[in-house]
file model09.txt (compact mmCIF, C-alpha atoms)
# COMPACT_ATOMS: atom_id res chain seq x y z
CA MET G 1418 -1.54 107.54 30.66
CA ARG G 1419 -2.85 111.08 31.23
CA ASN G 1420 -5.51 112.46 28.93
CA ILE G 1421 -4.21 115.68 27.41
CA THR G 1422 -6.55 118.20 25.87
CA LEU G 1423 -4.93 120.29 23.17
CA THR G 1424 -6.34 123.78 22.80
CA THR G 1425 -5.65 126.34 20.10
CA PRO G 1426 -4.83 129.76 21.57
CA ASP G 1427 -6.57 132.79 20.10
CA ILE G 1428 -3.22 134.14 18.94
CA ILE G 1429 -2.75 131.26 16.49
CA LYS G 1430 -4.14 132.11 13.06
CA ASP G 1431 -5.39 129.67 10.45
CA VAL G 1432 -2.44 129.96 8.09
CA TRP G 1433 -4.35 128.05 5.43
CA GLN G 1434 -6.64 131.05 4.98
CA GLU G 1435 -3.80 133.47 4.25
CA THR G 1436 -5.40 134.88 1.13
CA SER G 1437 -8.14 136.53 3.20
CA VAL G 1438 -5.71 138.18 5.61
CA PRO G 1439 -4.97 141.87 4.90
CA PRO G 1440 -1.27 142.82 4.87
CA PRO G 1441 -0.16 143.77 8.39
CA SER G 1442 0.89 147.40 8.87
CA ALA G 1443 2.10 147.33 12.49
CA PRO G 1444 3.58 144.92 15.02
CA LEU G 1445 1.53 143.04 17.55
CA VAL G 1446 1.53 144.94 20.86
CA VAL G 1447 1.24 142.81 24.00
CA ASP G 1448 0.49 144.70 27.21
CA ILE G 1449 2.18 142.87 30.07
CA THR G 1450 0.12 142.60 33.25
CA ALA G 1451 1.42 143.70 36.65
CA ARG G 1452 1.45 140.05 37.74
CA GLU G 1453 3.52 139.01 34.70
CA SER G 1454 5.98 141.90 35.14
CA THR G 1455 6.44 141.07 38.82
CA ALA G 1456 7.04 137.43 37.89
CA MET G 1457 9.77 138.51 35.44
CA TYR G 1458 11.48 140.50 38.21
CA TYR G 1459 11.70 137.48 40.51
CA ILE G 1460 12.66 135.12 37.68
CA GLY G 1461 15.68 137.28 36.85
CA ARG G 1462 16.89 137.28 40.44
CA GLN G 1463 16.28 133.57 40.86
CA LEU G 1464 18.43 132.82 37.82
CA ILE G 1465 21.24 135.09 39.05
CA ARG G 1466 21.34 133.09 42.29
CA GLU G 1467 21.27 129.75 40.47
CA TYR G 1468 23.56 130.39 37.49
CA GLY G 1469 25.44 133.64 38.17
CA SER G 1470 25.59 134.66 34.49
CA TYR G 1471 23.26 134.31 31.50
CA GLU G 1472 26.35 133.11 29.59
CA ASN G 1473 26.85 130.18 31.98
CA PRO G 1474 26.98 127.05 29.75
CA ALA G 1475 24.75 125.20 32.20
CA PHE G 1476 22.05 127.85 31.78
CA ILE G 1477 22.35 127.94 27.98
CA ALA G 1478 22.20 124.13 27.81
CA THR G 1479 18.85 124.15 29.64
CA LEU G 1480 17.57 127.42 28.15
CA HIS G 1481 14.48 126.06 26.40
CA LEU G 1482 13.47 124.04 29.47
CA ASN G 1483 13.90 127.09 31.70
CA ALA G 1484 11.98 129.29 29.25
CA TYR G 1485 8.90 127.06 29.24
CA GLN G 1486 9.03 126.38 32.97
CA LEU G 1487 9.68 129.92 34.19
CA LEU G 1488 8.13 132.40 31.77
CA PRO G 1489 4.48 133.34 32.31
CA GLU G 1490 2.50 130.93 30.15
CA ARG G 1491 0.89 133.60 27.95
CA ILE G 1492 4.28 135.09 27.02
CA ALA G 1493 5.78 131.66 26.29
CA ARG G 1494 2.83 130.73 24.07
CA ILE G 1495 3.04 133.95 22.07
CA LEU G 1496 6.76 133.51 21.42
CA SER G 1497 6.50 129.80 20.62
CA GLN G 1498 3.85 130.49 17.97
CA PHE G 1499 5.77 133.51 16.62
CA GLY G 1500 8.85 131.38 15.95
CA THR G 1501 7.22 129.39 13.16
CA ASP G 1502 4.63 131.82 11.81
CA TYR G 1503 5.71 133.03 8.36
CA SER G 1504 2.16 133.62 7.16
CA ALA G 1505 0.76 136.52 5.17
CA GLY G 1506 -0.59 138.13 8.35
CA GLN G 1507 2.60 137.86 10.41
CA TYR G 1508 4.26 141.28 10.70
CA GLY G 1509 7.49 139.84 12.07
CA ALA G 1510 7.78 141.87 15.29
CA ILE G 1511 6.10 141.90 18.69
CA VAL G 1512 6.17 144.71 21.25
CA PHE G 1513 6.03 143.49 24.85
CA ARG G 1514 5.01 146.66 26.65
CA GLY G 1515 6.03 146.86 30.32
CA LEU G 1516 7.80 143.49 30.32
CA ILE G 1517 10.17 144.26 33.18
CA GLN G 1518 10.64 146.73 36.01
CA VAL G 1519 13.80 148.84 35.68
CA ASP G 1520 15.41 150.25 38.82
CA GLN G 1521 16.81 153.51 37.43
CA ASP G 1522 18.59 154.42 40.67
CA ASP G 1523 20.42 151.10 40.79
CA LEU G 1524 21.36 151.47 37.12
CA GLY G 1525 23.21 154.77 37.72
CA LYS G 1526 24.20 157.17 34.99
CA THR G 1527 24.34 156.00 31.38
CA PRO G 1528 28.03 155.48 30.45
CA SER G 1529 29.62 157.44 27.62
CA SER G 1530 29.68 154.40 25.30
CA TRP G 1531 28.98 150.68 25.21
CA LYS G 1532 32.63 150.03 26.11
CA ASP G 1533 31.99 151.38 29.61
CA ALA G 1534 28.75 149.50 30.31
CA ASP G 1535 28.60 147.71 33.66
CA TYR G 1536 27.24 144.28 32.78
CA GLU G 1537 27.09 143.27 36.44
CA LYS G 1538 24.09 145.61 36.74
CA LEU G 1539 22.51 144.12 33.62
CA LYS G 1540 22.56 140.43 34.57
CA ALA G 1541 18.85 140.10 35.31
CA TYR G 1542 17.99 141.71 31.97
CA GLY G 1543 20.32 139.27 30.20
CA PHE G 1544 18.54 136.31 31.77
CA ILE G 1545 15.11 137.65 30.81
CA SER G 1546 16.19 138.38 27.23
CA SER G 1547 17.66 134.87 26.95
CA LEU G 1548 14.44 133.26 28.15
CA MET G 1549 12.46 135.18 25.54
CA HIS G 1550 14.69 133.74 22.80
CA GLY G 1551 14.55 130.31 24.42
CA ALA G 1552 10.77 130.24 24.13
CA VAL G 1553 10.81 130.70 20.32
CA PRO G 1554 12.79 128.36 20.64
CA SER G 1555 16.09 129.88 19.54
CA LYS G 1556 19.62 129.97 20.94
CA PRO G 1557 21.49 133.21 21.79
CA VAL G 1558 24.65 133.65 19.72
CA GLN G 1559 27.37 136.24 19.28
CA TYR G 1560 29.06 137.48 16.12
CA TYR G 1561 32.70 138.40 15.76
CA ALA G 1562 31.48 140.99 13.24
CA GLN G 1563 29.75 142.72 16.18
CA ARG G 1564 32.35 144.07 18.64
CA LYS G 1565 34.58 141.04 18.06
CA GLY G 1566 31.83 139.03 19.72
CA GLY G 1567 31.27 141.12 22.79
CA GLY G 1568 29.11 138.58 24.58
CA LEU G 1569 25.57 137.32 24.07
CA MET G 1570 24.01 140.68 24.97
CA HIS G 1571 25.14 144.13 23.82
CA ALA G 1572 24.42 147.47 25.46
CA ILE G 1573 23.45 149.94 22.72
CA ILE G 1574 24.36 153.46 23.88
CA PRO G 1575 24.69 156.71 21.88
CA ASP G 1576 28.34 157.74 21.56
CA GLU G 1577 29.11 161.36 20.69
CA LYS G 1578 32.16 160.24 18.68
CA MET G 1579 29.85 158.20 16.42
CA SER G 1580 26.77 160.42 16.51
CA HIS G 1581 26.47 160.79 12.71
CA THR G 1582 27.09 157.12 11.84
CA GLN G 1583 24.64 154.48 10.63
CA THR G 1584 25.25 152.36 13.75
CA GLY G 1585 23.57 151.67 17.05
CA SER G 1586 25.98 154.17 18.61
CA GLY G 1587 24.73 156.94 16.30
CA SER G 1588 22.05 159.47 17.16
CA ARG G 1589 22.07 162.64 15.03
CA THR G 1590 20.83 160.95 11.84
CA ASP G 1591 17.94 158.56 11.20
CA LEU G 1592 19.12 154.97 11.35
CA PHE G 1593 17.75 153.52 8.10
CA VAL G 1594 15.73 150.34 8.43
CA HIS G 1595 17.85 147.22 7.96
CA THR G 1596 17.81 143.54 8.74
CA GLU G 1597 20.66 142.84 11.14
CA ASP G 1598 23.95 141.90 9.45
CA ALA G 1599 22.52 141.90 5.94
CA PHE G 1600 26.09 141.32 4.69
CA LEU G 1601 26.13 137.78 6.18
CA PHE G 1602 24.59 134.54 4.96
CA HIS G 1603 24.17 133.40 8.57
CA GLN G 1604 22.64 136.53 10.05
CA ALA G 1605 20.56 136.27 13.25
CA ASP G 1606 17.14 134.66 12.98
CA PHE G 1607 15.68 136.60 15.90
CA LEU G 1608 16.55 139.82 17.71
CA SER G 1609 15.41 141.33 20.97
CA PHE G 1610 15.70 144.99 21.93
CA LEU G 1611 15.13 145.57 25.64
CA PHE G 1612 14.82 149.25 26.52
CA ILE G 1613 16.42 150.20 29.81
CA ARG G 1614 16.16 153.93 29.14
CA ASN G 1615 14.58 156.08 26.46
CA GLU G 1616 14.15 159.42 28.18
CA GLU G 1617 14.76 161.25 24.87
CA ARG G 1618 11.50 159.64 23.65
CA VAL G 1619 13.07 158.24 20.46
CA PRO G 1620 10.59 156.35 18.24
CA SER G 1621 11.64 152.90 17.11
CA THR G 1622 11.29 152.20 13.39
CA LEU G 1623 10.06 148.90 11.97
CA TYR G 1624 9.45 147.75 8.42
CA SER G 1625 7.96 144.39 7.44
CA ILE G 1626 8.18 142.78 4.02
CA ARG G 1627 4.68 141.39 4.78
CA SER G 1628 3.23 144.92 4.66
CA HIS G 1629 3.49 144.75 0.84
CA GLY G 1630 1.22 141.72 0.65
CA ALA G 1631 2.06 138.98 -1.85
CA THR G 1632 5.02 139.39 -4.22
CA ASP G 1633 4.30 141.96 -6.93
CA GLU G 1634 6.14 143.24 -10.00
CA VAL G 1635 8.28 145.65 -7.96
CA MET G 1636 9.41 142.90 -5.59
CA ARG G 1637 9.96 140.12 -8.14
CA PRO G 1638 13.37 141.36 -9.46
CA LEU G 1639 14.72 141.29 -5.90
CA PHE G 1640 14.84 137.48 -6.03
CA ARG G 1641 17.71 137.75 -8.54
CA SER G 1642 21.29 137.63 -7.24
CA LEU G 1643 22.19 141.12 -8.42
CA TYR G 1644 22.68 143.10 -5.23
CA LYS G 1645 25.80 143.94 -3.24
CA CYS G 1646 25.89 144.76 0.44
CA PRO G 1647 29.14 146.07 1.94
CA LYS G 1648 29.92 145.55 5.59
CA ASP G 1649 28.20 148.17 7.69
CA ALA G 1650 29.42 151.46 9.15
CA ASN G 1651 31.12 149.74 12.08
CA TYR G 1652 33.96 149.04 9.63
CA THR G 1653 36.42 151.54 8.18
CA LYS G 1654 35.83 152.61 4.57
CA ASP G 1655 38.82 150.62 3.31
CA THR G 1656 37.76 147.51 5.18
CA ALA G 1657 34.13 147.71 4.11
CA ALA G 1658 34.68 148.47 0.43
CA GLY G 1659 35.54 146.15 -2.45
CA GLU G 1660 33.18 143.28 -1.69
CA GLU G 1661 32.30 141.46 -4.91
CA VAL G 1662 29.61 139.02 -3.77
CA SER G 1663 26.12 139.67 -5.14
CA THR G 1664 23.02 138.16 -3.54
CA ALA G 1665 19.23 138.38 -3.66
CA VAL G 1666 17.32 140.75 -1.41
CA LEU G 1667 14.27 138.48 -1.25
CA TYR G 1668 14.51 134.71 -0.76
CA GLY G 1669 12.53 131.72 0.45
CA ASN G 1670 8.89 131.40 -0.57
CA GLU G 1671 8.16 133.14 -3.88
CA THR G 1672 4.77 134.48 -2.76
CA TYR G 1673 5.55 135.45 0.85
CA PRO G 1674 9.35 135.78 0.96
CA PHE G 1675 12.00 136.55 3.54
CA ILE G 1676 14.17 139.66 3.22
CA ARG G 1677 17.88 140.52 3.59
CA PHE G 1678 18.12 144.30 3.23
CA ASP G 1679 20.07 147.35 4.42
CA ALA G 1680 18.90 150.66 2.93
CA ALA G 1681 21.95 152.58 4.15
CA GLU G 1682 24.52 150.21 2.63
CA GLN G 1683 22.72 148.97 -0.47
CA ILE G 1684 21.08 152.20 -1.65
CA HIS G 1685 22.69 155.19 0.09
CA ASN G 1686 26.33 154.01 0.17
CA PRO G 1687 28.09 155.27 -3.00
CA ASP G 1688 30.83 152.68 -2.46
CA ALA G 1689 28.46 149.72 -2.66
CA GLY G 1690 29.25 149.26 -6.34
CA GLN G 1691 25.71 148.37 -7.43
CA SER G 1692 25.14 147.90 -11.14
CA ALA G 1693 22.75 150.34 -12.83
CA GLU G 1694 20.20 147.54 -13.13
CA ALA G 1695 20.45 146.58 -9.47
CA MET G 1696 20.19 150.21 -8.33
CA HIS G 1697 17.09 150.75 -10.47
CA TYR G 1698 15.31 147.78 -8.89
CA LEU G 1699 16.42 148.79 -5.38
CA GLU G 1700 15.21 152.37 -5.80
CA GLU G 1701 11.83 151.27 -7.13
CA PHE G 1702 11.47 148.88 -4.21
CA TRP G 1703 12.54 151.55 -1.72
CA LYS G 1704 9.85 153.93 -2.98
CA ALA G 1705 7.22 151.35 -2.08
CA ALA G 1706 8.94 150.17 1.11
CA LYS G 1707 9.12 153.68 2.61
CA THR G 1708 5.33 153.91 2.55
CA HIS G 1709 5.17 150.89 4.87
CA ILE G 1710 7.64 152.07 7.54
CA TYR G 1711 6.14 152.10 11.02
CA ASN G 1712 7.47 154.51 13.66
CA ASP G 1713 4.47 155.21 15.86
CA PHE G 1714 5.87 153.37 18.88
CA VAL G 1715 8.01 155.21 21.44
CA PRO G 1716 9.53 152.63 23.81
CA GLU G 1717 9.60 153.20 27.53
CA ALA G 1718 11.92 151.66 30.12
CA GLY G 1719 11.01 147.99 30.49
CA ASP G 1720 9.59 147.49 26.98
CA LEU G 1721 11.02 144.78 24.72
CA ILE G 1722 10.69 144.50 20.94
CA PHE G 1723 11.13 140.97 19.57
CA VAL G 1724 11.89 140.70 15.84
CA ASN G 1725 12.06 137.97 13.21
CA ASN G 1726 15.16 139.16 11.32
CA HIS G 1727 14.00 137.44 8.11
CA LEU G 1728 10.67 139.26 7.99
CA CYS G 1729 11.17 142.60 9.66
CA ALA G 1730 13.82 145.34 9.46
CA HIS G 1731 14.44 147.85 12.23
CA GLY G 1732 15.89 151.32 12.77
CA ARG G 1733 15.18 154.51 14.74
CA ASN G 1734 14.61 158.22 14.33
CA ALA G 1735 17.35 160.82 14.77
CA PHE G 1736 17.64 162.41 18.21
CA VAL G 1737 19.87 164.54 20.43
CA ALA G 1738 21.41 162.17 22.96
CA GLY G 1739 20.92 163.24 26.55
CA TYR G 1740 18.13 165.73 25.85
CA ARG G 1741 14.37 165.55 25.64
CA GLU G 1742 11.95 168.12 24.36
CA GLU G 1743 9.54 169.75 26.79
CA LYS G 1744 7.25 172.51 25.45
CA GLY G 1745 9.62 173.16 22.57
CA VAL G 1746 12.71 173.37 24.79
CA LEU G 1747 15.49 170.76 25.04
CA VAL G 1748 16.20 169.81 28.65
CA PRO G 1749 18.96 167.44 29.88
CA CYS G 1750 18.10 163.82 30.66
CA GLU G 1751 19.86 160.49 31.01
CA ARG G 1752 20.99 159.11 27.67
CA ARG G 1753 19.27 156.22 25.96
CA MET G 1754 20.27 152.62 26.73
CA MET G 1755 19.03 149.51 24.99
CA LEU G 1756 20.09 145.86 25.28
CA ARG G 1757 20.29 143.76 22.12
CA MET G 1758 20.41 139.97 21.89
CA MET G 1759 20.57 137.82 18.75
CA SER G 1760 19.76 134.15 18.27
CA LYS G 1761 19.72 131.26 15.80
CA THR G 1762 17.20 128.45 15.68
CA SER G 1763 19.82 125.86 14.71
CA LEU G 1764 23.45 125.49 15.74
CA ILE G 1765 23.86 122.75 13.13
CA ASN G 1766 23.32 125.07 10.17
CA ILE G 1767 25.98 127.55 11.33
CA ARG G 1768 28.64 125.06 12.45
CA ALA G 1769 30.86 125.70 9.41
CA VAL G 1770 31.23 129.36 10.42
CA THR G 1771 31.55 129.08 14.21
CA LYS G 1772 34.56 128.73 16.46
CA THR G 1773 35.69 125.14 16.87
CA ASP G 1774 35.36 125.30 20.66
CA ASP G 1775 32.26 127.49 20.78
CA PRO G 1776 29.26 126.67 18.56
CA TYR G 1777 27.52 129.88 19.72
CA PHE G 1778 30.27 132.18 18.38
CA ILE G 1779 29.87 133.01 14.68
CA MET G 1780 33.02 134.00 12.76
CA GLU G 1781 31.51 134.90 9.38
CA GLU G 1782 32.98 138.15 8.03
CA HIS G 1783 31.15 138.76 4.75
CA TYR G 1784 28.92 136.39 2.76
CA GLY G 1785 30.66 133.16 3.69
CA ASN G 1786 34.17 134.51 4.28
CA ILE G 1787 35.52 133.71 7.73
CA PHE G 1788 37.56 135.89 10.10
CA ARG G 1789 41.02 134.38 10.46
call {"tool": "encode", "arguments": {"input": "model09.txt", "output": "structure tokens"}}
result
Amino acid sequence: MRNITLTTPDIIKDVWQETSVPPPSAPLVVDITARESTAMYYIGRQLIREYGSYENPAFIATLHLNAYQLLPERIARILSQFGTDYSAGQYGAIVFRGLIQVDQDDLGKTPSSWKDADYEKLKAYGFISSLMHGAVPSKPVQYYAQRKGGGLMHAIIPDEKMSHTQTGSGSRTDLFVHTEDAFLFHQADFLSFLFIRNEERVPSTLYSIRSHGATDEVMRPLFRSLYKCPKDANYTKDTAAGEEVSTAVLYGNETYPFIRFDAAEQIHNPDAGQSAEAMHYLEEFWKAAKTHIYNDFVPEAGDLIFVNNHLCAHGRNAFVAGYREEKGVLVPCERRMMLRMMSKTSLINIRAVTKTDDPYFIMEEHYGNIFR
């Protein structure tokens, strides 16, 4: 039998000393080395040759094995530890700066909307994103509520027809911070946002429930099941309105909780139907939450933001798609493109809301209701 020496990486905190940890105010930023970035480039191409598609069942079945064998060890260790760290000092998001090399010439012009995205050119990025989720470990899934499924990875592209909406296709208004699919009980556990282009220099917005510290008097009422959350702006007004289910905003551990929250739908949507009591608690919470919003990071091509969807909400600043500011003047540029992937740590816990023949395809419509 081999002797195995177990070492504790520097990134792993002593979670038993949480009380001495100050509330985190920003995500962990990991600068990827040139060697690691080059390795990611060749890993993506190797997997294309071996599996063809990141949705190949044979690849998904061996995802965790591939993640730990192929990813640079430092990256795999960081993600593995992140997946089970719910401590007081865990912000809930990691920025991997310079993770991959993006060939802008090969990519071509940004299409007019996500419907026109050429996923053949995005295969390598899909494999890399999948491996990042696999190291948590978590399994990529798709939601019928998002583009009727639309695959395991979605291209997020500004669409002029939706420029003023609270969606990933919007641009002209700030996208309020939200946990993904806050109107579902089985929302994603983890999200990745891989930036292929951000020539407009749009800051990404993050907000962590851990930035408040331990539960206080403003947060405590949010554990009560008082709050409604309509389906988001991807739905028509008639389809999104009239939802009667009320849930808690905070859940899990009473001292260091998880969060299910969408500022746009729960606070700023007049059709949400919140009670006066619920709205009062939400508005008091929002006053405090806004002081903790982080938007100092401007992603560049090749950066990836990895998010625990139970700890950290995300959004972005408003921008003019296809233009960047230079010395006070707007000049044309290629429009923004980001690739989103979502994952769940357990297929068992979602089986009641997945397709019979596809345990990775979630059919939940709104708080337990199923698309038929």
call {"tool": "atom_distance", "arguments": {"input": "model09.txt", "atom1": "atom CA of Met1636 of chain G", "atom2": "atom CA of His1603 of chain G"}}
result
22.6 Å
call {"tool": "atom_distance", "arguments": {"input": "model09.txt", "atom1": "atom CA of Leu1487 of chain G", "atom2": "atom CA of Ala1443 of chain G"}}
result
28.8 Å
call {"tool": "closest_residue", "arguments": {"input": "model09.txt", "among": "G:Glu1467, G:Asp1633, G:Glu1782, G:Asp1720", "to": "Phe1610 of chain G", "atoms": "all atoms listed in the file"}}
result
G:Asp1720
call {"tool": "closest_atom_pairs", "arguments": {"input": "model09.txt", "of": "segment 1440-1518 of chain G", "to": "segment 1551-1567 of chain G", "cutoff": "6 Å", "atoms": "only C-alpha atoms", "output": "Markdown table"}}
result
| residue | atom | partner | partner_atom | distance |
| --- | --- | --- | --- | --- |
| G:Leu1480 | CA | G:Gly1551 | CA | 5.6 |
| G:His1481 | CA | G:Gly1551 | CA | 4.7 |
| G:Ala1484 | CA | G:Ala1552 | CA | 5.3 |
| G:Ala1493 | CA | G:Ala1552 | CA | 5.6 |
| G:Leu1496 | CA | G:Val1553 | CA | 5.1 |
| G:Ser1497 | CA | G:Val1553 | CA | 4.4 |
| G:Gly1500 | CA | G:Val1553 | CA | 4.8 |
call {"tool": "closest_residue", "arguments": {"input": "model09.txt", "among": "G:Ala1689, G:Leu1601, G:Ile1767, G:Leu1639", "to": "Tyr1668 of chain G", "atoms": "all atoms listed in the file"}}
result
G:Leu1639
call {"tool": "decode", "arguments": {"input": "model09.txt", "residues": "segment 1538-1547 of chain G", "atoms": "all heavy atoms", "output": "compact mmCIF listing (two decimals), in the first residue's frame"}}
result
# COMPACT_ATOMS: atom_id res chain seq x y z
N LYS G 1538 -18.23 27.07 -33.16
CA LYS G 1538 -17.04 27.85 -32.82
C LYS G 1538 -16.83 27.96 -31.31
O LYS G 1538 -15.81 28.49 -30.87
CB LYS G 1538 -17.14 29.25 -33.43
CG LYS G 1538 -17.10 29.26 -34.94
CD LYS G 1538 -17.13 30.68 -35.48
CE LYS G 1538 -17.02 30.69 -37.01
NZ LYS G 1538 -17.04 32.08 -37.55
N LEU G 1539 -17.79 27.49 -30.55
CA LEU G 1539 -17.74 27.65 -29.09
C LEU G 1539 -17.48 26.34 -28.36
O LEU G 1539 -17.53 26.28 -27.13
CB LEU G 1539 -19.05 28.27 -28.59
CG LEU G 1539 -19.45 29.60 -29.22
CD1 LEU G 1539 -20.82 30.05 -28.71
CD2 LEU G 1539 -18.41 30.68 -28.96
N LYS G 1540 -17.21 25.27 -29.11
CA LYS G 1540 -17.07 23.94 -28.51
C LYS G 1540 -16.00 23.88 -27.43
O LYS G 1540 -16.22 23.35 -26.33
CB LYS G 1540 -16.76 22.91 -29.59
CG LYS G 1540 -17.96 22.43 -30.39
CD LYS G 1540 -17.52 21.33 -31.35
CE LYS G 1540 -18.69 20.79 -32.13
NZ LYS G 1540 -18.25 19.71 -33.06
N ALA G 1541 -14.83 24.41 -27.73
CA ALA G 1541 -13.72 24.33 -26.77
C ALA G 1541 -14.09 25.04 -25.47
O ALA G 1541 -13.78 24.55 -24.37
CB ALA G 1541 -12.46 24.95 -27.36
N TYR G 1542 -14.80 26.16 -25.58
CA TYR G 1542 -15.20 26.91 -24.39
C TYR G 1542 -16.24 26.13 -23.59
O TYR G 1542 -16.27 26.20 -22.36
CB TYR G 1542 -15.75 28.27 -24.79
CG TYR G 1542 -14.84 29.04 -25.72
CD1 TYR G 1542 -15.30 29.56 -26.92
CD2 TYR G 1542 -13.50 29.24 -25.39
CE1 TYR G 1542 -14.47 30.26 -27.78
CE2 TYR G 1542 -12.65 29.93 -26.24
CZ TYR G 1542 -13.14 30.45 -27.43
OH TYR G 1542 -12.30 31.13 -28.28
N GLY G 1543 -17.09 25.37 -24.28
CA GLY G 1543 -18.06 24.53 -23.59
C GLY G 1543 -17.40 23.42 -22.80
O GLY G 1543 -17.81 23.10 -21.68
N PHE G 1544 -16.35 22.83 -23.38
CA PHE G 1544 -15.62 21.78 -22.66
C PHE G 1544 -14.93 22.35 -21.42
O PHE G 1544 -14.98 21.75 -20.35
CB PHE G 1544 -14.59 21.13 -23.58
CG PHE G 1544 -15.14 20.04 -24.46
CD1 PHE G 1544 -15.18 20.18 -25.83
CD2 PHE G 1544 -15.63 18.87 -23.91
CE1 PHE G 1544 -15.69 19.18 -26.65
CE2 PHE G 1544 -16.14 17.84 -24.71
CZ PHE G 1544 -16.17 18.00 -26.09
N ILE G 1545 -14.29 23.51 -21.57
CA ILE G 1545 -13.59 24.11 -20.44
C ILE G 1545 -14.56 24.48 -19.32
O ILE G 1545 -14.32 24.21 -18.14
CB ILE G 1545 -12.78 25.34 -20.89
CG1 ILE G 1545 -11.67 24.93 -21.87
CG2 ILE G 1545 -12.20 26.07 -19.69
CD1 ILE G 1545 -10.73 23.89 -21.34
N SER G 1546 -15.69 25.10 -19.70
CA SER G 1546 -16.70 25.46 -18.70
C SER G 1546 -17.19 24.22 -17.97
O SER G 1546 -17.35 24.21 -16.74
CB SER G 1546 -17.87 26.19 -19.36
OG SER G 1546 -17.48 27.43 -19.90
N SER G 1547 -17.45 23.14 -18.72
CA SER G 1547 -17.93 21.90 -18.11
C SER G 1547 -16.93 21.36 -17.10
O SER G 1547 -17.30 20.92 -16.00
CB SER G 1547 -18.18 20.85 -19.20
OG SER G 1547 -19.17 21.26 -20.10
